[in-house]
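A short write-up of the structure that comes next.
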Amino acid sequence: MAASRFSQSTVVVTNHLQEFLVNRNVAEEDGVRSVYNVNNASYRDLSDTASSSYTEMTTTTSMAYLPQTVVLCELRHNGFEECSPSAPSDTGIVSKWRPRDRMKTGCVALVLCLNIGVDPPDVIKISPCARMECWIDPFSMAPQKSLETIGRTLNQQYERWQPKARYECSLDPTVEDVKKLCSRCRKSAKSERVLFHYNGHGVPKPTLNGEIWVFNRSYTQYIPLPISDLDSWLKTPSVYVFDCSAAGLIVKAFAELHEGSASSITPSMQDYILLAACEAHETLPQSAEYPADVFTSCLTTPIKMALRWFCTRSLLHESFDYNLIDRIPGRQTDRKTLLGELNWIFTAVTDTIAWNVLPHDVFQRLFRQDLLIASLFRNFLLAERIMRSANCSPISHPKLPPTHQHHMWDAWDMAAEICLSQLPDLVEDPNREFQPSPFFTEQLTAFELWLDHGSEHIKPPEQLPIVLQVLLSQCHRFRALVLLGRFLDMGPWAVDLALSVGIFPYVLKLLQTTTPELRQILVFIWTKILALDKSCQVDLVKDGGHTYFIRFLDNVEAYPEQRAMAAFVLAVIVDSHRRGQEACIKAGLIDVCMRHLQGSSPNDAQTEPLFLQWICLCVGKLWEDFFEAQMIALHADAPAILPPLLSEPQPEVRAAAVFALGTLLDVGFDTLREVHGDEDGDGGDDEKTRAEGIIVQNLLNMVSDGSPLVRAEVAVALSRFAFGHNKHLKSVAAAAYGKKPQSTSVFTSIPALATVVSCSGYTTPHCVPQGSVVPSVAPLLRVGNECPAVARDGRVSTSSPVATSGLMHGLPLSDDSSLHSDSGAVNDCASNGVLNHARPKPLDNALYSQSVIAMCSLAKDPSPRIEFLGRKVLAIIGIEQVVTKPVKFIGGNTCPSESAVPSSSSLAGLVRSLSWLELNGGHLPLAFRTPPVSPPPRPSYVTGIRRVCSSLECRPHLLNSPDSGLADPLLGSPSASATSERTFLPQSMIYNWSCGHFSKPLLTCADDNEDVNVKREEREKQALEHIVKCQHSSVSKLHNQIAGWDTKFETGSRTALLQPFSPVVIASDENERIRVWNYEEAVLLNSFNNHEYPEKGVSKLCLVNELDENLLLVASNDGSIRIWKDYISSGQQKLVTAFASTQGLRPGARSVNAVVDWQQQSGYLFTSSEMSSIMVWDLDKEQLATSIHLGSDSAISGLAASQVHGGQFAAGFVDGYVKLFDIRTPEKGVASTKPHTQRVVDLSFQPGLEPARIISASQAGNIQFLDMRRNKEKETYLTIDAFRGSLTALAVHRHAPLIASGSAKQLIKVFNLEGDPLGTIKYYPNFMAQKIGPVTCLTFHPYQLLLAAGAADACVSIYADEISPP
């Protein structure tokens, strides 16, 4: 929408998306601008009068002279022609967060070599010495019983982390025992991971070769077990835990083993993980404060180990009873208990340390791939901290960086101390409630502080894994979700980070909750996730998450912006996902969407455009290529509910509605059509056919929409229609091309077009949109027989035009009876794939004819993207194939479909009514010019048509079959897949483009506007200063040439324009070459072509958004409007938008000759041509605002829009009339007079704020001063006879009392508003004198006393007063 800036008002826009923020009212202030303070000292160079005038006019002038409307600055205008937006992706980098191969540890082998009572020969123990194994004193019972108890306890400790795994224990084994154990485990685990835990406290250290020790049968010898054997028995994937002294030797041996065989094994075979208790040169701690298996204790009982270790180093060590640690109340899985909270905090701390220290791929593999491995590595971080304090360094493969000094351990120590301080009281009184630790609250506060000051360019928040853990708690969940939503809103990088942490399963699980306050933020979070990664659609459907969003969408109490997010989520769920489509259909999504669309009234200010846009996109994706859903949509009356949205002011909504209607069209390759065809019967087909007719008619109404975004979707939708009704459209084309040349207009032979004379949505009954059909089309004349339906078995009636082989191949019909045989029709249809797909029933021939015209209109669209799409649509119906083949006309033969084509005698009126179809007036050289009523014969008709239509260059390889003609090779291969067919069709971009909205920040206002506002304020101040100078200037002469520029235009300078705030002049010639020149530095800044099409001719140049980042509007003679940005920088110009502004020609008109003018105050573009109406385009809405019927036989030759009174403009006519219009009045026309006897060359409003005062100039050379408010006798109050004929140009300064007129006789005259001549600029033949050619254009600088003049000799000169301007 246009940005309206008013100095006296403050507009506060509340963002509903932020209402769920805790204790936070966020509002966005847009358009806040203070009135300029007038400092007279700044203007001492002005007279006192000027200063006082400036003060008085500050308020009035800032509103009248400085328009506050800014248009064409939305996201859709940022490189529409070049952009290739992408939808949420399901492959590539964005899916790296998802563990590709989720692993599971299926079997655990526990090998304990303790040999209780016998110390290894290489170990000398201290006294007292560490003795505990699995928290059991091995000497407290018999050795064998002790060994079994320790083994059983270790088994139970591992089961706490992986209860579903299979466990096998081998106590003091032999080599053979270990081999059998490994073989059983691998066989049991299959492809799952096997964990091998080795406790070697009762055997010697590993050998230098990395061999571990076991026993012989009689326990008299230690037997070495090579690591290579162990590796060959367990294979991969596997994980090894080695709890013994010098365990680093084993890790080294493994590394050497796999490095040597790396070239012969695959990466999956290298999937092994090692955890070792110490380095190769280290011995396990023997201090009595540790258990003997301190490494194993850290891995399997981390909370107990961590608390005991902490107590020895805290202030509690003197008073605390260590035995209480074994009596901590609660369960580890219950977070509401003390033990559960300790385990919860420990998990959060270790996860956070790992995520902040490890590379993300390593973190994913070790902490998110396997639950048991994740637990072991969390506990391994604890082992590193504890054992490093005893001068041992646990090692692993893959190797981890040091983490024992990470500051998050301090947070753990504090949480542990708070919990332990309550332990004695809790043990004494079991009914006493414990006080939860402030750990999570404090961490969320730290995360919130990061959000207030963080960005993508600094270190990510280290608390992100803690936020994940907090989601598990109801008391912290809401705040955590809000903060998570704020983080995700920072951009796709934040979403990727959150997903890599592992947030996905948590937020997926939360969709099963029914808590009302979580709904808004959950919808927001899922919006951000799906905006990045589409692959989550599968998970949502699998878990039934789609119903959550359907219920939210149906909740009228939610804000429309939030419901739009729900619609977006549902659109992604059904996007190219059949299971998602089926699930949403079953859940009644179509009825929900139709109900809300039906309840929203068009142009209702309360209706959120984003909500309407995404409802349309959602249903469009829901029934796209899904026949069952399309039939449900028809029963829900979708073809009647969606069309009112086509008149919405937002182009995005109109484009989305076109997309939804287009996807309702049956392309013909949905397999479900065959399945449901018999069920629906002819009734279903008839309903489908009627609906398609309504849909296509509505699509045709949008061909002339002002937004390229909308027209692109129309082209895509018509391509679906062309594909589904391929043969019927081709028969219409064949009827046009396959007849004898009775007229030079190709489309005069298209049936049922004689009545297409009215224009939908436009007030004039005589204007037909260029290449479109109007909504309120009168009942169309049916000429001949209607095409019969194509049978479901693919057989086509022989009376149908489609059944004719000659037509299908683009050839005239012959006498060959085989062409009329039923078998021939069937064979031909089969060769074109009709037997493979159930084809839609034919529609009315008139609709097909209108569709062909619309397709041709799109193929010559001013927008290159639309033009490309239009050519692809024409290629689908084979137009260029028809005309590039020689057409042989066989006298005396008539084609079976000829009855559907009017005779030449009945086409006279049709020819006149179709005179607007001036295809040669566009950029495609389709010489379908309207001939006189009785045209002479044209024997070169066929050659001309072949040459003309071959210029379309629509030659996709799929249509280049030498025998194809009108037959479509796309349908020729019975084995062709639906996917390959669909890829040929032009692809819609509105869905992908719209998805980008949700990837951008939605909760915070952008700071970019601040710089823009400052720059505008400076320009407003500068403009006001110059306006005051201009209004009080006293120009004596205006012939001081300060710059001269040879533009090197071959056809001379046609138009010129001066930039308001930089020394730049823009000029164009008849070939629409645009050149930009700095007249102070005499440097060419840029040069580019407005377009590359053959038909040339520029009508006018205008500046849009003059006080902001202005755009260059280039109006062509054919009525095409193209608006450029960044046009000053060489090669950087970008097309913002383009459309055809004139719709239709008056009877007898030979060319368009468009005239335009732009009014910044209202945002309106006024256009007319050789037509009987004036079109008023709203560039903010990019649609036709109104059409003013003139009721005159004379064409308009000039238009002038008031720059101070929005909606007011004047028109000059060829017959000398001048008329004043105001679109704010019901009758539009205000006054009319005829001050001239010849053609009005140009006209303009007089400077100042008075309305209805106009200056007009005629070709005869006289300039008339008009006051349209007076009576007829006094309307003309001043006349200047500037020239005796040959007046070619007129310019009136916007603020200064200056008028300039130019003549073809190389003469420029300047007058004031009283008619007094101020100077003459003419050709001087002598050396060093100024030389000007025949004047073609004049323009004043909007705020300075400068005049630019363009001449037929390609020179552009700039003139100033005697004193050069500042």
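Letters A, B, ... mark the chains of the structure tokens in the order given; residue numbers begin at 1 per chain; ligand numbers begin at 1, in order shown.
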- Message: Applying 10 Å and only C-alpha atoms, which residues near A:Ala292 remain after dropping the ones on its own chain fewer than 6 positions away? List them as number ranges by chain.
- Response: A: 129-137, 201, 243-244, 284-286
- Task: May I have all residues of stretch 223-252 of chain A that DSSP, computed from the backbone, assigns to alpha helix (DSSP H), given as a PyMOL selection string?
- Result: chain A and resi 227-234+248-252
- Task: Just the residues within 8 Å of A:Val1310, please, counting only C-alpha atoms, with nothing from its chain fewer than 4 positions along; format it as a PyMOL selection string.
- Result: chain A and resi 1037-1038+1298-1301+1317-1320
Same residues, all heavy atoms, output as a PDB file, in the first residue's frame:
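Result file follows (selection-v9.pdb):
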ATOM      1  N   LYS A1037      14.575  37.354 -18.467  1.00  0.00           N
ATOM      2  CA  LYS A1037      14.757  36.546 -19.669  1.00  0.00           C
ATOM      3  C   LYS A1037      15.062  35.114 -19.241  1.00  0.00           C
ATOM      4  O   LYS A1037      15.401  34.858 -18.096  1.00  0.00           O
ATOM      5  CB  LYS A1037      15.893  37.094 -20.529  1.00  0.00           C
ATOM      6  CG  LYS A1037      15.637  38.463 -21.107  1.00  0.00           C
ATOM      7  CD  LYS A1037      16.802  38.921 -21.961  1.00  0.00           C
ATOM      8  CE  LYS A1037      16.541  40.299 -22.553  1.00  0.00           C
ATOM      9  NZ  LYS A1037      17.683  40.765 -23.378  1.00  0.00           N
ATOM     10  N   LEU A1038      14.967  34.220 -20.166  1.00  0.00           N
ATOM     11  CA  LEU A1038      15.282  32.829 -19.844  1.00  0.00           C
ATOM     12  C   LEU A1038      15.993  32.213 -21.051  1.00  0.00           C
ATOM     13  O   LEU A1038      15.552  31.229 -21.619  1.00  0.00           O
ATOM     14  CB  LEU A1038      14.005  32.054 -19.513  1.00  0.00           C
ATOM     15  CG  LEU A1038      14.197  30.733 -18.749  1.00  0.00           C
ATOM     16  CD1 LEU A1038      14.682  31.001 -17.333  1.00  0.00           C
ATOM     17  CD2 LEU A1038      12.901  29.942 -18.701  1.00  0.00           C
ATOM     18  N   LEU A1298       5.734  31.332 -15.227  1.00  0.00           N
ATOM     19  CA  LEU A1298       6.459  31.191 -16.492  1.00  0.00           C
ATOM     20  C   LEU A1298       5.738  30.221 -17.415  1.00  0.00           C
ATOM     21  O   LEU A1298       5.229  29.171 -16.981  1.00  0.00           O
ATOM     22  CB  LEU A1298       7.882  30.671 -16.238  1.00  0.00           C
ATOM     23  CG  LEU A1298       8.872  31.617 -15.570  1.00  0.00           C
ATOM     24  CD1 LEU A1298      10.199  30.909 -15.332  1.00  0.00           C
ATOM     25  CD2 LEU A1298       9.079  32.858 -16.441  1.00  0.00           C
ATOM     26  N   ILE A1299       5.732  30.585 -18.699  1.00  0.00           N
ATOM     27  CA  ILE A1299       5.177  29.727 -19.744  1.00  0.00           C
ATOM     28  C   ILE A1299       6.178  29.714 -20.879  1.00  0.00           C
ATOM     29  O   ILE A1299       6.731  30.750 -21.253  1.00  0.00           O
ATOM     30  CB  ILE A1299       3.824  30.266 -20.264  1.00  0.00           C
ATOM     31  CG1 ILE A1299       2.842  30.458 -19.112  1.00  0.00           C
ATOM     32  CG2 ILE A1299       3.240  29.338 -21.313  1.00  0.00           C
ATOM     33  CD1 ILE A1299       1.613  31.232 -19.510  1.00  0.00           C
ATOM     34  N   ALA A1300       6.420  28.538 -21.424  1.00  0.00           N
ATOM     35  CA  ALA A1300       7.307  28.417 -22.581  1.00  0.00           C
ATOM     36  C   ALA A1300       6.585  27.651 -23.669  1.00  0.00           C
ATOM     37  O   ALA A1300       5.865  26.680 -23.401  1.00  0.00           O
ATOM     38  CB  ALA A1300       8.599  27.697 -22.193  1.00  0.00           C
ATOM     39  N   SER A1301       6.774  28.134 -24.901  1.00  0.00           N
ATOM     40  CA  SER A1301       6.168  27.445 -26.049  1.00  0.00           C
ATOM     41  C   SER A1301       7.233  27.269 -27.113  1.00  0.00           C
ATOM     42  O   SER A1301       8.121  28.110 -27.284  1.00  0.00           O
ATOM     43  CB  SER A1301       4.982  28.248 -26.597  1.00  0.00           C
ATOM     44  OG  SER A1301       5.407  29.549 -26.980  1.00  0.00           O
ATOM     45  N   PRO A1317       5.731  38.881 -23.049  1.00  0.00           N
ATOM     46  CA  PRO A1317       6.891  38.078 -23.497  1.00  0.00           C
ATOM     47  C   PRO A1317       8.120  38.391 -22.656  1.00  0.00           C
ATOM     48  O   PRO A1317       8.420  39.545 -22.373  1.00  0.00           O
ATOM     49  CB  PRO A1317       7.077  38.529 -24.952  1.00  0.00           C
ATOM     50  CG  PRO A1317       6.443  39.884 -25.030  1.00  0.00           C
ATOM     51  CD  PRO A1317       5.324  39.900 -24.042  1.00  0.00           C
ATOM     52  N   LEU A1318       8.792  37.355 -22.225  1.00  0.00           N
ATOM     53  CA  LEU A1318      10.000  37.509 -21.409  1.00  0.00           C
ATOM     54  C   LEU A1318      11.268  37.219 -22.182  1.00  0.00           C
ATOM     55  O   LEU A1318      12.358  37.565 -21.726  1.00  0.00           O
ATOM     56  CB  LEU A1318       9.933  36.572 -20.189  1.00  0.00           C
ATOM     57  CG  LEU A1318       8.783  36.814 -19.216  1.00  0.00           C
ATOM     58  CD1 LEU A1318       8.865  35.823 -18.060  1.00  0.00           C
ATOM     59  CD2 LEU A1318       8.801  38.244 -18.696  1.00  0.00           C
ATOM     60  N   GLY A1319      11.155  36.613 -23.303  1.00  0.00           N
ATOM     61  CA  GLY A1319      12.364  36.325 -24.069  1.00  0.00           C
ATOM     62  C   GLY A1319      12.078  35.347 -25.179  1.00  0.00           C
ATOM     63  O   GLY A1319      11.049  34.674 -25.222  1.00  0.00           O
ATOM     64  N   THR A1320      13.006  35.297 -26.086  1.00  0.00           N
ATOM     65  CA  THR A1320      12.904  34.392 -27.238  1.00  0.00           C
ATOM     66  C   THR A1320      14.229  33.678 -27.426  1.00  0.00           C
ATOM     67  O   THR A1320      15.295  34.302 -27.355  1.00  0.00           O
ATOM     68  CB  THR A1320      12.548  35.181 -28.524  1.00  0.00           C
ATOM     69  OG1 THR A1320      11.314  35.867 -28.330  1.00  0.00           O
ATOM     70  CG2 THR A1320      12.434  34.237 -29.705  1.00  0.00           C
TER      71      THR A1320
END
- Item | A:Pro516, A:Ala558, A:Ala1257, A:Trp97 ranked by distance to A:Trp493, top pick (using only C-alpha atoms) | A:Trp97
- Message: List as a ChimeraX atom specification the protein and nucleic acid residues near stretch 616-620 of chain A, meaning an atom at most 8 Å away when only C-alpha atoms are counted, but skip any in the same chain fewer than 3 places from it.
- Response: /A:567-568,570-572,574,590,593,612-613,623-624,653,656-657,659-664,991
Atoms kept (C-alpha atoms) for selection, written as a CSV table (one decimal), in the first residue's frame:
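Okay, this is what ended up in part_5.csv:
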chain,number,residue,atom,x,y,z
A,567,ALA,CA,-3.3,-20.7,6.7
A,568,PHE,CA,0.3,-20.5,5.7
A,570,LEU,CA,-1.7,-25.5,6.2
A,571,ALA,CA,-0.6,-24.4,2.7
A,572,VAL,CA,2.8,-25.8,3.3
A,574,VAL,CA,-0.6,-29.6,1.5
A,590,ILE,CA,-12.3,-26.5,2.4
A,593,CYS,CA,-11.8,-21.6,4.2
A,612,LEU,CA,-7.4,-13.3,2.5
A,613,GLN,CA,-4.3,-13.9,0.5
A,623,TRP,CA,-6.9,-28.8,-4.5
A,624,GLU,CA,-4.0,-28.3,-6.9
A,653,VAL,CA,-4.9,-10.9,-2.8
A,656,ALA,CA,-3.8,-15.4,-4.8
A,657,ALA,CA,-7.5,-15.5,-5.8
A,659,PHE,CA,-4.1,-18.8,-8.3
A,660,ALA,CA,-6.9,-20.5,-6.4
A,661,LEU,CA,-9.2,-20.3,-9.4
A,662,GLY,CA,-6.6,-21.5,-11.7
A,663,THR,CA,-5.7,-24.6,-9.7
A,664,LEU,CA,-9.4,-25.5,-9.8
A,991,TYR,CA,2.9,-19.0,-3.5
- Query: Can you tell me, as an MDAnalysis selection string, what residues are no more than 12 Å from A:Leu426 when counting only C-alpha atoms, ignoring any on the same chain fewer than 2 positions away?
  - Reply: chainID A and resid 324:325 327:330 337:339 419:424 428:435
